[in-house]
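Here's the structure, in structure tokens; my notes come after.
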Amino acid sequence: MEKDLLKLYKYQLRRVFMKKLIAVIAMVCVVTGVLFAGGSQEDKEELIVGTSAGFRPFEYREKGEVTGFDIDLMKAIGEELGREIVVRDMDFDALIEAVSTGTIDVIAAGMTITDERKERVDFTQAYFVADQAVLVRESSDIKLNSPADLNNAKYRIGVQNDTTGAFWVDDNAANATIKKYGKYIECIQDLENQNLDIIVLDKPVAQAFEKNRPTKMILVIPTDESYGLAVKKDSPLLEELDKALKKVMGSDTWDELMATYFGA
Amino acid sequence: MENLGEFILYSVLAIGKGALVTIVVTVVSLLLGFLLGVPLAIGRTYGSRPVSFLIQLYEGFFRGTPHIVTLFIFYFGLRHVGELFGNPAFQIAIPPFPAAVLALGITSSAYQSLIFRSTIQSISRDQYNAARSLGMTKWQAIINIVFIQALRLSIPGLTNEATIVLKDSPITYLVAIPEMLTQARGIIDSAMGKVFFEVLIPVSLLYYLLFWLSNKLFFMLDDKLKIPGFELERR
């Protein structure tokens, strides 16, 4: 009698659990299957482009999609190479690790060519030259005569992690309070909240913020930086990219790009 | 943001897509955690000393290190394994989605293992002995008698674990998974920060909704599996 009860109980439990478990597992398998299958039905070989949106006008989001000068440039280059461009948006400070481990193929993120970075990645020829700029609140009465004035303990300066702006303030404004953020948008937010006095960032981006947010650019720091596309060290892709970039820069597409994003 | 209506439409679409990704990431991670957590818990309770010790190490490692580190190990770190053996060409390349799910799932398995261990231990040892005396083998007794009851008692613990994984899922942003919070940040970015809490608050309400739904599901499961008058009862 007891043995029968035990058997019955065992059977019931097992039936209920197993059915549910199998149903749930099957459902999840189907869903992930669909998710994976979705991305891999292209004939063209993919070129995975890593970027960090929030760097207007080079890369930003519009209508939910990442767009901008760098993205359009990569699309033109992709056409030259006959490859499909896939954009992956991540934090700026993760890009170098991502490209050197091969999780992305190329960085197009307004990245300045520096010697430190060259130790980890290879750059194409420069495609843009920019300076750094100082951005403050519209109502701010901060006056700077030269970049050296930034090295003052009373200023709280915001920068984005791992950018040339961050390197510059580390080297030249060590007396100020330096705060590092993941995205420039967060700097702007903190500037408006009066937690920052100054943001140091690339001039074209500063101009874009000046137009759209209650901020003003009060000083240009002449750093004469060149932006390049970055690939993994010793990658055969470098030569192809360089060739395609040169071709695009000599074409009408380039003039159109400049006109669209910089009105020049 | 010239057109407010269009902006809202695209925002809602983006967040909806993000919500789907969040759900898939959470469910797959939880299932992986479950599939790994069960044998871990059984091994920890019934395994030999070395087995139990190794499992303890595993649990300790994944519970004791930040999720971000685990995620980076699976996404970036495994590509460096070749260098350890002097063969840099050898890489284990995991695409973003599997890497994110592995990191969250394995972390969850360490927590779930603990949940199951506590409930397995709450089933009286006499039941196991009785099952053995009825002629069941060790594994028959563990699985059919002890674990199957423990599983039912684990539901409250699993309810909690599900919400924890749900709210851990935004870290997958770091490997470019377009989940809900990433989409929200993208929207803030596309409006150049002109909206901020206008986006974050509706998104957190959506997280709350998902949390509520998962809780509801687990409670329904609990109710369904409850045996009236038998043993422990909820409430």
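Following the order of the structure tokens, first chain is A, next is B, and so on, with residues numbered from 1 inside each chain and ligands from 1 in the order they appear.
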Produce a table with one row for each residue of chain B that has an atom at most 9 Å from any atom of chain A, each row naming the nearest atom pair and its distance in Å at one decimal; use only C-alpha atoms; arrange rows by chain and rising residue number; format as CSV.
residue,atom,partner,partner_atom,distance
B:Met1,CA,A:Glu62,CA,8.6
B:Glu6,CA,A:Lys63,CA,8.2
B:Phe7,CA,A:Lys63,CA,6.7
B:Leu9,CA,A:Lys63,CA,8.7
B:Tyr10,CA,A:Lys63,CA,5.4
B:Ser11,CA,A:Gly64,CA,6.7
B:Leu13,CA,A:Gly64,CA,8.2
B:Ala14,CA,A:Gly64,CA,5.9
B:Val24,CA,A:Thr32,CA,7.6
B:Val27,CA,A:Val28,CA,7.6
B:Val28,CA,A:Val28,CA,6.7
B:Leu31,CA,A:Ile25,CA,7.7
B:Tyr75,CA,A:Thr103,CA,8.1
B:Phe76,CA,A:Thr101,CA,6.4
B:Gly77,CA,A:Thr101,CA,8.6
B:Arg79,CA,A:Thr101,CA,6.1
B:His80,CA,A:Thr101,CA,7.6
B:Gln91,CA,A:Thr101,CA,8.9
B:Ala93,CA,A:Thr103,CA,7.7
B:Ile94,CA,A:Thr103,CA,8.3
B:Pro95,CA,A:Thr103,CA,7.3
B:Pro96,CA,A:Thr103,CA,8.2
B:Phe97,CA,A:Phe36,CA,8.9
B:Leu134,CA,A:Lys3,CA,8.2
B:Asn144,CA,A:Lys10,CA,6.5
B:Ile145,CA,A:Lys10,CA,7.3
B:Ile148,CA,A:Leu13,CA,7.2
B:Gln149,CA,A:Leu13,CA,8.5
B:Tyr173,CA,A:Met90,CA,7.2
B:Leu174,CA,A:Met90,CA,6.2
B:Val175,CA,A:Met90,CA,6.7
B:Ala176,CA,A:Met90,CA,5.3
B:Ile177,CA,A:Arg88,CA,8.7
B:Pro178,CA,A:Asp89,CA,8.6
B:Gln183,CA,A:Gly64,CA,7.6
B:Gly186,CA,A:Arg61,CA,6.2
B:Ile187,CA,A:Gly64,CA,6.7
B:Ile188,CA,A:Ile185,CA,8.1
B:Asp189,CA,A:Gly54,CA,5.6
B:Ser190,CA,A:Arg61,CA,4.5
B:Ala191,CA,A:Glu62,CA,8.1
B:Met192,CA,A:Ile185,CA,6.7
B:Gly193,CA,A:Ile185,CA,6.0
B:Lys194,CA,A:Arg213,CA,7.7
B:Phe196,CA,A:Gln189,CA,8.8
B:Leu225,CA,A:Val16,CA,8.1
(Q) At a cut-off of 12 Å, using only C-alpha atoms, what residues contact region 244-256 of chain A? Leave out same-chain residues fewer than 3 positions from it and give the result as a PyMOL selection string. (A) chain A and resi 69-70+72-83+108+123-128+228-229+237-241+259-264
Given the selection you just returned, output its residues as a file containing N, CA and C atoms, formatted as an mmCIF file, in the first residue's frame.
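Contents of part03.cif, freshly written:
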data_model
loop_
_atom_site.group_PDB
_atom_site.id
_atom_site.type_symbol
_atom_site.label_atom_id
_atom_site.label_comp_id
_atom_site.auth_asym_id
_atom_site.auth_seq_id
_atom_site.Cartn_x
_atom_site.Cartn_y
_atom_site.Cartn_z
ATOM 1 N N PHE A 69 29.155 60.899 -39.144
ATOM 2 C CA PHE A 69 30.198 61.019 -40.153
ATOM 3 C C PHE A 69 30.989 59.715 -40.299
ATOM 4 N N ASP A 70 31.442 59.174 -39.159
ATOM 5 C CA ASP A 70 32.257 57.956 -39.205
ATOM 6 C C ASP A 70 31.485 56.778 -39.791
ATOM 7 N N ASP A 72 28.886 56.876 -41.899
ATOM 8 C CA ASP A 72 28.717 57.041 -43.345
ATOM 9 C C ASP A 72 30.020 56.805 -44.082
ATOM 10 N N LEU A 73 31.113 57.233 -43.453
ATOM 11 C CA LEU A 73 32.430 56.995 -44.055
ATOM 12 C C LEU A 73 32.680 55.486 -44.172
ATOM 13 N N MET A 74 32.367 54.743 -43.101
ATOM 14 C CA MET A 74 32.581 53.293 -43.128
ATOM 15 C C MET A 74 31.685 52.626 -44.166
ATOM 16 N N LYS A 75 30.475 53.191 -44.332
ATOM 17 C CA LYS A 75 29.578 52.621 -45.346
ATOM 18 C C LYS A 75 30.176 52.791 -46.733
ATOM 19 N N ALA A 76 30.759 53.979 -46.978
ATOM 20 C CA ALA A 76 31.391 54.218 -48.276
ATOM 21 C C ALA A 76 32.584 53.285 -48.462
ATOM 22 N N ILE A 77 33.358 53.109 -47.398
ATOM 23 C CA ILE A 77 34.514 52.209 -47.475
ATOM 24 C C ILE A 77 34.043 50.766 -47.681
ATOM 25 N N GLY A 78 32.965 50.407 -46.980
ATOM 26 C CA GLY A 78 32.409 49.061 -47.133
ATOM 27 C C GLY A 78 31.999 48.782 -48.574
ATOM 28 N N GLU A 79 31.475 49.818 -49.223
ATOM 29 C CA GLU A 79 31.076 49.652 -50.619
ATOM 30 C C GLU A 79 32.294 49.392 -51.494
ATOM 31 N N GLU A 80 33.384 50.132 -51.207
ATOM 32 C CA GLU A 80 34.638 49.934 -51.940
ATOM 33 C C GLU A 80 35.144 48.502 -51.765
ATOM 34 N N LEU A 81 35.033 48.002 -50.530
ATOM 35 C CA LEU A 81 35.583 46.676 -50.224
ATOM 36 C C LEU A 81 34.601 45.559 -50.540
ATOM 37 N N GLY A 82 33.351 45.941 -50.853
ATOM 38 C CA GLY A 82 32.332 44.925 -51.091
ATOM 39 C C GLY A 82 31.955 44.163 -49.841
ATOM 40 N N ARG A 83 31.958 44.859 -48.713
ATOM 41 C CA ARG A 83 31.597 44.178 -47.470
ATOM 42 C C ARG A 83 30.452 44.890 -46.772
ATOM 43 N N ALA A 108 35.875 52.877 -35.738
ATOM 44 C CA ALA A 108 35.609 54.153 -36.396
ATOM 45 C C ALA A 108 34.894 54.994 -35.364
ATOM 46 N N PHE A 123 46.877 52.069 -37.109
ATOM 47 C CA PHE A 123 45.978 53.087 -37.635
ATOM 48 C C PHE A 123 46.125 53.229 -39.149
ATOM 49 N N THR A 124 45.019 53.592 -39.787
ATOM 50 C CA THR A 124 45.092 53.968 -41.197
ATOM 51 C C THR A 124 45.621 55.397 -41.262
ATOM 52 N N GLN A 125 45.709 55.927 -42.480
ATOM 53 C CA GLN A 125 46.082 57.330 -42.604
ATOM 54 C C GLN A 125 45.013 58.201 -41.934
ATOM 55 N N ALA A 126 45.363 59.419 -41.587
ATOM 56 C CA ALA A 126 44.419 60.309 -40.916
ATOM 57 C C ALA A 126 43.299 60.721 -41.872
ATOM 58 N N TYR A 127 42.087 60.845 -41.356
ATOM 59 C CA TYR A 127 40.994 61.311 -42.206
ATOM 60 C C TYR A 127 40.364 62.589 -41.677
ATOM 61 N N PHE A 128 40.827 63.045 -40.521
ATOM 62 C CA PHE A 128 40.259 64.274 -39.967
ATOM 63 C C PHE A 128 41.267 64.864 -38.986
ATOM 64 N N GLY A 228 42.086 58.538 -36.993
ATOM 65 C CA GLY A 228 42.330 57.430 -37.917
ATOM 66 C C GLY A 228 41.406 56.272 -37.591
ATOM 67 N N LEU A 229 41.283 55.360 -38.561
ATOM 68 C CA LEU A 229 40.561 54.119 -38.292
ATOM 69 C C LEU A 229 41.584 53.147 -37.703
ATOM 70 N N LEU A 237 43.870 43.674 -43.019
ATOM 71 C CA LEU A 237 42.786 44.592 -43.344
ATOM 72 C C LEU A 237 43.295 46.025 -43.524
ATOM 73 N N LEU A 238 44.412 46.333 -42.853
ATOM 74 C CA LEU A 238 44.899 47.711 -42.830
ATOM 75 C C LEU A 238 45.130 48.258 -44.244
ATOM 76 N N GLU A 239 45.801 47.448 -45.057
ATOM 77 C CA GLU A 239 46.140 47.900 -46.398
ATOM 78 C C GLU A 239 44.875 48.162 -47.222
ATOM 79 N N GLU A 240 43.952 47.219 -47.134
ATOM 80 C CA GLU A 240 42.687 47.367 -47.877
ATOM 81 C C GLU A 240 41.960 48.636 -47.445
ATOM 82 N N LEU A 241 41.897 48.846 -46.121
ATOM 83 C CA LEU A 241 41.194 50.017 -45.587
ATOM 84 C C LEU A 241 41.870 51.299 -46.053
ATOM 85 N N ALA A 259 30.027 68.212 -46.283
ATOM 86 C CA ALA A 259 28.943 69.196 -46.352
ATOM 87 C C ALA A 259 27.807 68.830 -45.411
ATOM 88 N N THR A 260 27.471 67.529 -45.358
ATOM 89 C CA THR A 260 26.375 67.097 -44.512
ATOM 90 C C THR A 260 26.681 67.332 -43.038
ATOM 91 N N TYR A 261 27.887 66.973 -42.617
ATOM 92 C CA TYR A 261 28.152 66.966 -41.179
ATOM 93 C C TYR A 261 28.851 68.220 -40.675
ATOM 94 N N PHE A 262 29.554 68.936 -41.554
ATOM 95 C CA PHE A 262 30.274 70.110 -41.057
ATOM 96 C C PHE A 262 29.897 71.379 -41.819
ATOM 97 N N GLY A 263 29.022 71.232 -42.807
ATOM 98 C CA GLY A 263 28.576 72.382 -43.564
ATOM 99 C C GLY A 263 29.716 73.119 -44.240
ATOM 100 N N ALA A 264 30.749 72.356 -44.637
ATOM 101 C CA ALA A 264 31.912 73.016 -45.253
ATOM 102 C C ALA A 264 32.073 72.612 -46.695
#
Q: Show which residues sit within 8 Å of Leu30 (chain B), as a list of chain:residue names. Count only C-alpha atoms, and ignore same-chain residues fewer than 5 positions away.
A: B:Gly105, B:Ser108, B:Ser109, B:Ala162, B:Val165
Preceding selection exported with N, CA and C atoms as a short mmCIF file (atom, residue, chain, number, x, y, z; two decimals), in the first residue's frame:
data_model
loop_
_atom_site.label_atom_id
_atom_site.label_comp_id
_atom_site.auth_asym_id
_atom_site.auth_seq_id
_atom_site.Cartn_x
_atom_site.Cartn_y
_atom_site.Cartn_z
N GLY B 105 24.65 33.42 -16.87
CA GLY B 105 24.15 32.09 -16.52
C GLY B 105 25.07 31.38 -15.54
N SER B 108 24.76 32.97 -12.23
CA SER B 108 23.48 32.55 -11.64
C SER B 108 23.56 31.11 -11.15
N SER B 109 24.30 30.25 -11.87
CA SER B 109 24.38 28.84 -11.46
C SER B 109 25.01 28.73 -10.08
N ALA B 162 15.53 35.12 -10.16
CA ALA B 162 15.08 35.60 -11.46
C ALA B 162 15.11 37.13 -11.51
N VAL B 165 18.77 38.35 -11.77
CA VAL B 165 19.34 38.22 -13.12
C VAL B 165 18.73 39.29 -14.04
#
**Q.** Secondary structure check, helix (DSSP H, G or I) residues of region 50-228 of chain B, as a ChimeraX atom specification
**A.** /B:50-64,67-75,77-84,96-122,125-133,138-153,155-175,180-190,197-225
May I have the residues from that selection written out with C-alpha atoms, as a short mmCIF file (atom, residue, chain, number, x, y, z; two decimals), in the first residue's frame?
data_model
loop_
_atom_site.label_atom_id
_atom_site.label_comp_id
_atom_site.auth_asym_id
_atom_site.auth_seq_id
_atom_site.Cartn_x
_atom_site.Cartn_y
_atom_site.Cartn_z
CA PRO B 50 37.23 16.61 -3.57
CA VAL B 51 34.14 17.09 -5.73
CA SER B 52 32.41 19.07 -3.04
CA PHE B 53 35.56 21.16 -2.51
CA LEU B 54 35.89 21.97 -6.21
CA ILE B 55 32.26 23.01 -6.38
CA GLN B 56 32.81 25.21 -3.35
CA LEU B 57 35.68 26.91 -5.19
CA TYR B 58 33.52 27.42 -8.28
CA GLU B 59 30.70 28.93 -6.22
CA GLY B 60 33.09 31.12 -4.32
CA PHE B 61 34.72 32.43 -7.47
CA PHE B 62 31.58 33.35 -9.34
CA ARG B 63 29.77 34.74 -6.32
CA GLY B 64 32.78 36.63 -5.11
CA HIS B 67 29.84 40.33 -12.85
CA ILE B 68 31.69 42.72 -15.12
CA VAL B 69 34.90 40.75 -14.64
CA THR B 70 33.13 37.47 -15.41
CA LEU B 71 31.65 39.03 -18.52
CA PHE B 72 35.00 40.35 -19.70
CA ILE B 73 36.62 36.97 -19.06
CA PHE B 74 34.14 35.28 -21.37
CA TYR B 75 34.16 37.99 -24.02
CA GLY B 77 39.70 36.94 -21.78
CA LEU B 78 39.09 33.65 -23.58
CA ARG B 79 40.65 35.16 -26.69
CA HIS B 80 43.90 35.41 -24.78
CA VAL B 81 44.05 31.75 -23.67
CA GLY B 82 46.44 30.89 -26.51
CA GLU B 83 49.01 33.30 -25.09
CA LEU B 84 49.10 31.32 -21.85
CA PRO B 96 28.56 38.91 -27.77
CA PHE B 97 25.21 37.22 -27.13
CA PRO B 98 26.53 33.80 -26.04
CA ALA B 99 29.27 35.50 -24.00
CA ALA B 100 26.73 37.63 -22.15
CA VAL B 101 24.45 34.67 -21.50
CA LEU B 102 27.35 32.48 -20.37
CA ALA B 103 28.57 35.11 -17.93
CA LEU B 104 25.13 35.78 -16.45
CA GLY B 105 24.15 32.09 -16.52
CA ILE B 106 27.29 30.80 -14.86
CA THR B 107 27.12 33.47 -12.18
CA SER B 108 23.48 32.55 -11.64
CA SER B 109 24.38 28.84 -11.46
CA ALA B 110 26.60 29.57 -8.45
CA TYR B 111 23.72 31.32 -6.69
CA GLN B 112 21.14 28.72 -7.75
CA SER B 113 23.41 25.94 -6.53
CA LEU B 114 23.21 27.52 -3.08
CA ILE B 115 19.44 27.78 -3.27
CA PHE B 116 19.11 24.10 -4.18
CA ARG B 117 21.64 23.02 -1.58
CA SER B 118 19.68 24.64 1.22
CA THR B 119 16.42 23.06 0.10
CA ILE B 120 18.01 19.64 -0.49
CA GLN B 121 19.32 19.77 3.05
CA SER B 122 15.90 20.73 4.34
CA ARG B 125 17.65 12.47 5.71
CA ASP B 126 15.13 9.84 6.87
CA GLN B 127 13.37 10.08 3.53
CA TYR B 128 16.56 9.26 1.73
CA ASN B 129 17.22 6.35 4.08
CA ALA B 130 13.66 5.11 3.66
CA ALA B 131 13.97 5.24 -0.12
CA ARG B 132 17.20 3.28 0.00
CA SER B 133 15.60 0.68 2.27
CA LYS B 138 21.53 6.12 -4.42
CA TRP B 139 20.78 8.18 -7.52
CA GLN B 140 17.17 7.06 -7.71
CA ALA B 141 16.70 8.17 -4.14
CA ILE B 142 18.47 11.48 -4.63
CA ILE B 143 16.62 12.42 -7.77
CA ASN B 144 13.19 10.88 -7.29
CA ILE B 145 12.75 11.45 -3.60
CA VAL B 146 14.94 14.23 -2.31
CA PHE B 147 15.59 16.53 -5.22
CA ILE B 148 12.10 16.53 -6.65
CA GLN B 149 10.77 17.78 -3.32
CA ALA B 150 13.63 20.22 -2.92
CA LEU B 151 12.85 21.66 -6.33
CA ARG B 152 9.37 22.60 -5.23
CA LEU B 153 10.70 24.23 -2.08
CA ILE B 155 10.63 28.17 -6.00
CA PRO B 156 10.70 31.15 -3.60
CA GLY B 157 14.48 31.30 -3.84
CA LEU B 158 14.34 31.03 -7.61
CA THR B 159 11.79 33.85 -7.75
CA ASN B 160 14.34 36.09 -6.14
CA GLU B 161 17.16 34.85 -8.36
CA ALA B 162 15.08 35.60 -11.46
CA THR B 163 14.67 39.25 -10.46
CA ILE B 164 18.36 39.52 -9.68
CA VAL B 165 19.34 38.22 -13.12
CA LEU B 166 16.78 40.54 -14.72
CA LYS B 167 18.38 43.55 -13.12
CA ASP B 168 21.91 42.33 -13.81
CA SER B 169 21.15 42.07 -17.51
CA PRO B 170 22.02 45.75 -18.28
CA ILE B 171 25.73 44.98 -17.79
CA THR B 172 25.60 43.12 -21.10
CA TYR B 173 25.69 46.64 -22.56
CA LEU B 174 29.46 46.40 -22.15
CA VAL B 175 29.63 43.81 -24.92
CA MET B 180 16.54 47.80 -22.69
CA LEU B 181 18.77 50.13 -20.68
CA THR B 182 21.24 50.42 -23.56
CA GLN B 183 18.41 51.49 -25.83
CA ALA B 184 17.35 54.03 -23.22
CA ARG B 185 20.86 55.45 -23.10
CA GLY B 186 20.85 55.56 -26.88
CA ILE B 187 17.66 57.61 -26.82
CA ILE B 188 19.16 60.02 -24.29
CA ASP B 189 22.15 60.28 -26.58
CA SER B 190 20.07 60.88 -29.70
CA PHE B 197 14.59 61.01 -16.54
CA GLU B 198 11.78 61.27 -19.10
CA VAL B 199 13.35 58.11 -20.55
CA LEU B 200 14.80 56.45 -17.46
CA ILE B 201 11.61 56.49 -15.40
CA PRO B 202 9.36 54.79 -17.99
CA VAL B 203 12.14 52.25 -18.56
CA SER B 204 12.42 51.48 -14.87
CA LEU B 205 8.64 51.07 -14.77
CA LEU B 206 9.04 48.52 -17.56
CA TYR B 207 11.67 46.71 -15.50
CA TYR B 208 9.18 46.74 -12.64
CA LEU B 209 6.54 45.25 -14.93
CA LEU B 210 8.90 42.45 -15.99
CA PHE B 211 9.78 41.85 -12.35
CA TRP B 212 6.09 41.68 -11.46
CA LEU B 213 5.39 39.29 -14.33
CA SER B 214 8.20 36.93 -13.40
CA ASN B 215 7.06 36.93 -9.78
CA LYS B 216 3.52 36.20 -10.85
CA LEU B 217 4.70 33.29 -13.00
CA PHE B 218 6.70 31.77 -10.17
CA PHE B 219 3.81 32.16 -7.73
CA MET B 220 1.50 30.46 -10.21
CA LEU B 221 3.98 27.62 -10.56
CA ASP B 222 4.22 27.39 -6.80
CA ASP B 223 0.44 27.25 -6.46
CA LYS B 224 0.14 24.63 -9.17
CA LEU B 225 2.73 22.35 -7.59
#
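If you look at CA of Thr137 (chain B) and CA of Ser48 (chain B), they are 16.8 Å away from each other.
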**Q.** Two-atom distance - CA of Gly165 (chain A), CA of Asp202 (chain A) (Å)
**A.** 7.0 Å
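Among the candidates A:Asp197, A:Asp170, A:Asp162, A:Asp234, the one nearest to Thr114 (chain A) when counting only C-alpha atoms is A:Asp162.
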Q: Just list the residues in region 57-249 of chain A DSSP gives strand (DSSP E or B) on the backbone, as a PyMOL selection string.
A: chain A and resi 59-62+65-67+84-89+106-107+112+121-123+128-137+156-160+177-181+198-202+215-227+230-232
